[in-house]
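Asks: For reference, the structure I am asking about is given below.
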Amino acid sequence: MFPSRLAELRALSAFLTDFCDQVGIERERCLRLHLVVEELFIN
C-alpha cells in the first residue's frame, strides 16, 4: 500500500513498471496503466 502523498508517486511508478515487466504487459498498455493509476492516486 502507498500513502496518498505526491512524494510516493515515484515509488508507485517504479512498482507499476516492475509489475508490467514481470507479467509481460507491453509498453503501451503499461503507460496507460500508469496514467490511470496516477489519476486515481492524485485525485
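Chain labels follow the order of the C-alpha cells: the first chain is A, the next B, and so on; residue numbering restarts at 1 in every chain, and ligands are counted from 1 in their shown order.
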Excluding same-chain residues fewer than 6 positions from range 13-26 of chain A, what lies within 9 Å of it counting only C-alpha atoms, as a PDB file with C-alpha atoms, in the first residue's frame?

Replies:
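Written output follows (out-v8.pdb):
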```pdb
ATOM      1  CA  LEU A  33      -1.933   1.768 -16.649  1.00  0.00           C
ATOM      2  CA  HIS A  34       0.466   4.387 -15.271  1.00  0.00           C
ATOM      3  CA  VAL A  37      -3.261   4.808 -11.551  1.00  0.00           C
ATOM      4  CA  GLU A  38      -1.642   8.247 -11.392  1.00  0.00           C
TER       5      GLU A  38
END
```

Asks: If we count only C-alpha atoms and set the cut-off at 12 Å, which residues sit around Leu35 in chain A, ignoring sequence neighbours fewer than 6 positions away in its own chain? Please answer as number ranges by chain.

Replies: A: 9, 12-13, 16-17, 28-29, 41-43

Asks: Write a file of the just-selected residues containing N, CA and C atoms, as a JSON list (two decimals), in the first residue's frame.

Replies:
```
[["chain", "number", "residue", "atom", "x", "y", "z"],
["A", 9, "LEU", "N", 4.64, 9.03, -5.38],
["A", 9, "LEU", "CA", 4.30, 8.73, -6.77],
["A", 9, "LEU", "C", 5.46, 8.04, -7.50],
["A", 12, "LEU", "N", 5.43, 4.41, -6.56],
["A", 12, "LEU", "CA", 4.30, 3.76, -7.22],
["A", 12, "LEU", "C", 4.61, 3.50, -8.69],
["A", 13, "SER", "N", 5.21, 4.47, -9.34],
["A", 13, "SER", "CA", 5.58, 4.32, -10.75],
["A", 13, "SER", "C", 6.58, 3.18, -10.94],
["A", 16, "LEU", "N", 4.75, -0.13, -10.59],
["A", 16, "LEU", "CA", 3.97, -0.46, -11.78],
["A", 16, "LEU", "C", 4.86, -0.93, -12.93],
["A", 17, "THR", "N", 5.99, -0.27, -13.10],
["A", 17, "THR", "CA", 6.92, -0.67, -14.17],
["A", 17, "THR", "C", 7.43, -2.08, -13.92],
["A", 28, "GLU", "N", 2.94, 0.07, -24.29],
["A", 28, "GLU", "CA", 1.80, 0.98, -24.48],
["A", 28, "GLU", "C", 0.73, 0.76, -23.41],
["A", 29, "ARG", "N", 0.43, -0.48, -23.12],
["A", 29, "ARG", "CA", -0.57, -0.77, -22.08],
["A", 29, "ARG", "C", -0.06, -0.37, -20.70],
["A", 41, "PHE", "N", -4.50, 8.11, -7.99],
["A", 41, "PHE", "CA", -3.64, 8.42, -6.86],
["A", 41, "PHE", "C", -3.70, 9.91, -6.52],
["A", 42, "ILE", "N", -3.62, 10.75, -7.53],
["A", 42, "ILE", "CA", -3.56, 12.19, -7.30],
["A", 42, "ILE", "C", -4.93, 12.77, -6.99],
["A", 43, "ASN", "N", -5.94, 12.28, -7.65],
["A", 43, "ASN", "CA", -7.29, 12.82, -7.43],
["A", 43, "ASN", "C", -7.96, 12.04, -6.35]]
```

Asks: I'd like to know which residues of chain A are alpha helix (DSSP H) (by DSSP, run on the backbone); could you write them as a compact mmCIF listing (two decimals) with C-alpha atoms, in the first residue's frame?

Replies:
```txt
# COMPACT_ATOMS: atom_id res chain seq x y z
CA LEU A 9 4.30 8.73 -6.77
CA ARG A 10 7.85 7.79 -7.83
CA ALA A 11 7.72 4.58 -5.78
CA LEU A 12 4.30 3.76 -7.22
CA SER A 13 5.58 4.32 -10.75
CA ALA A 14 8.55 2.02 -10.15
CA PHE A 15 6.23 -0.63 -8.71
CA LEU A 16 3.97 -0.46 -11.78
CA THR A 17 6.92 -0.67 -14.17
CA ASP A 18 8.27 -3.74 -12.36
CA PHE A 19 4.81 -5.31 -12.39
CA CYS A 20 4.42 -4.74 -16.13
CA ASP A 21 7.85 -6.26 -16.77
CA GLN A 22 7.16 -9.31 -14.60
CA VAL A 23 3.82 -10.19 -16.18
CA ARG A 27 4.87 -0.83 -23.07
CA GLU A 28 1.80 0.98 -24.48
CA ARG A 29 -0.57 -0.77 -22.08
CA CYS A 30 1.81 -0.18 -19.19
CA LEU A 31 1.86 3.55 -19.97
CA ARG A 32 -1.94 3.58 -19.98
CA LEU A 33 -1.93 1.77 -16.65
CA HIS A 34 0.47 4.39 -15.27
CA LEU A 35 -1.86 7.16 -16.41
CA VAL A 36 -4.95 5.60 -14.85
CA VAL A 37 -3.26 4.81 -11.55
CA GLU A 38 -1.64 8.25 -11.39
CA GLU A 39 -5.03 9.91 -11.89
CA LEU A 40 -6.58 7.77 -9.16
CA PHE A 41 -3.64 8.42 -6.86
CA ILE A 42 -3.56 12.19 -7.30
```
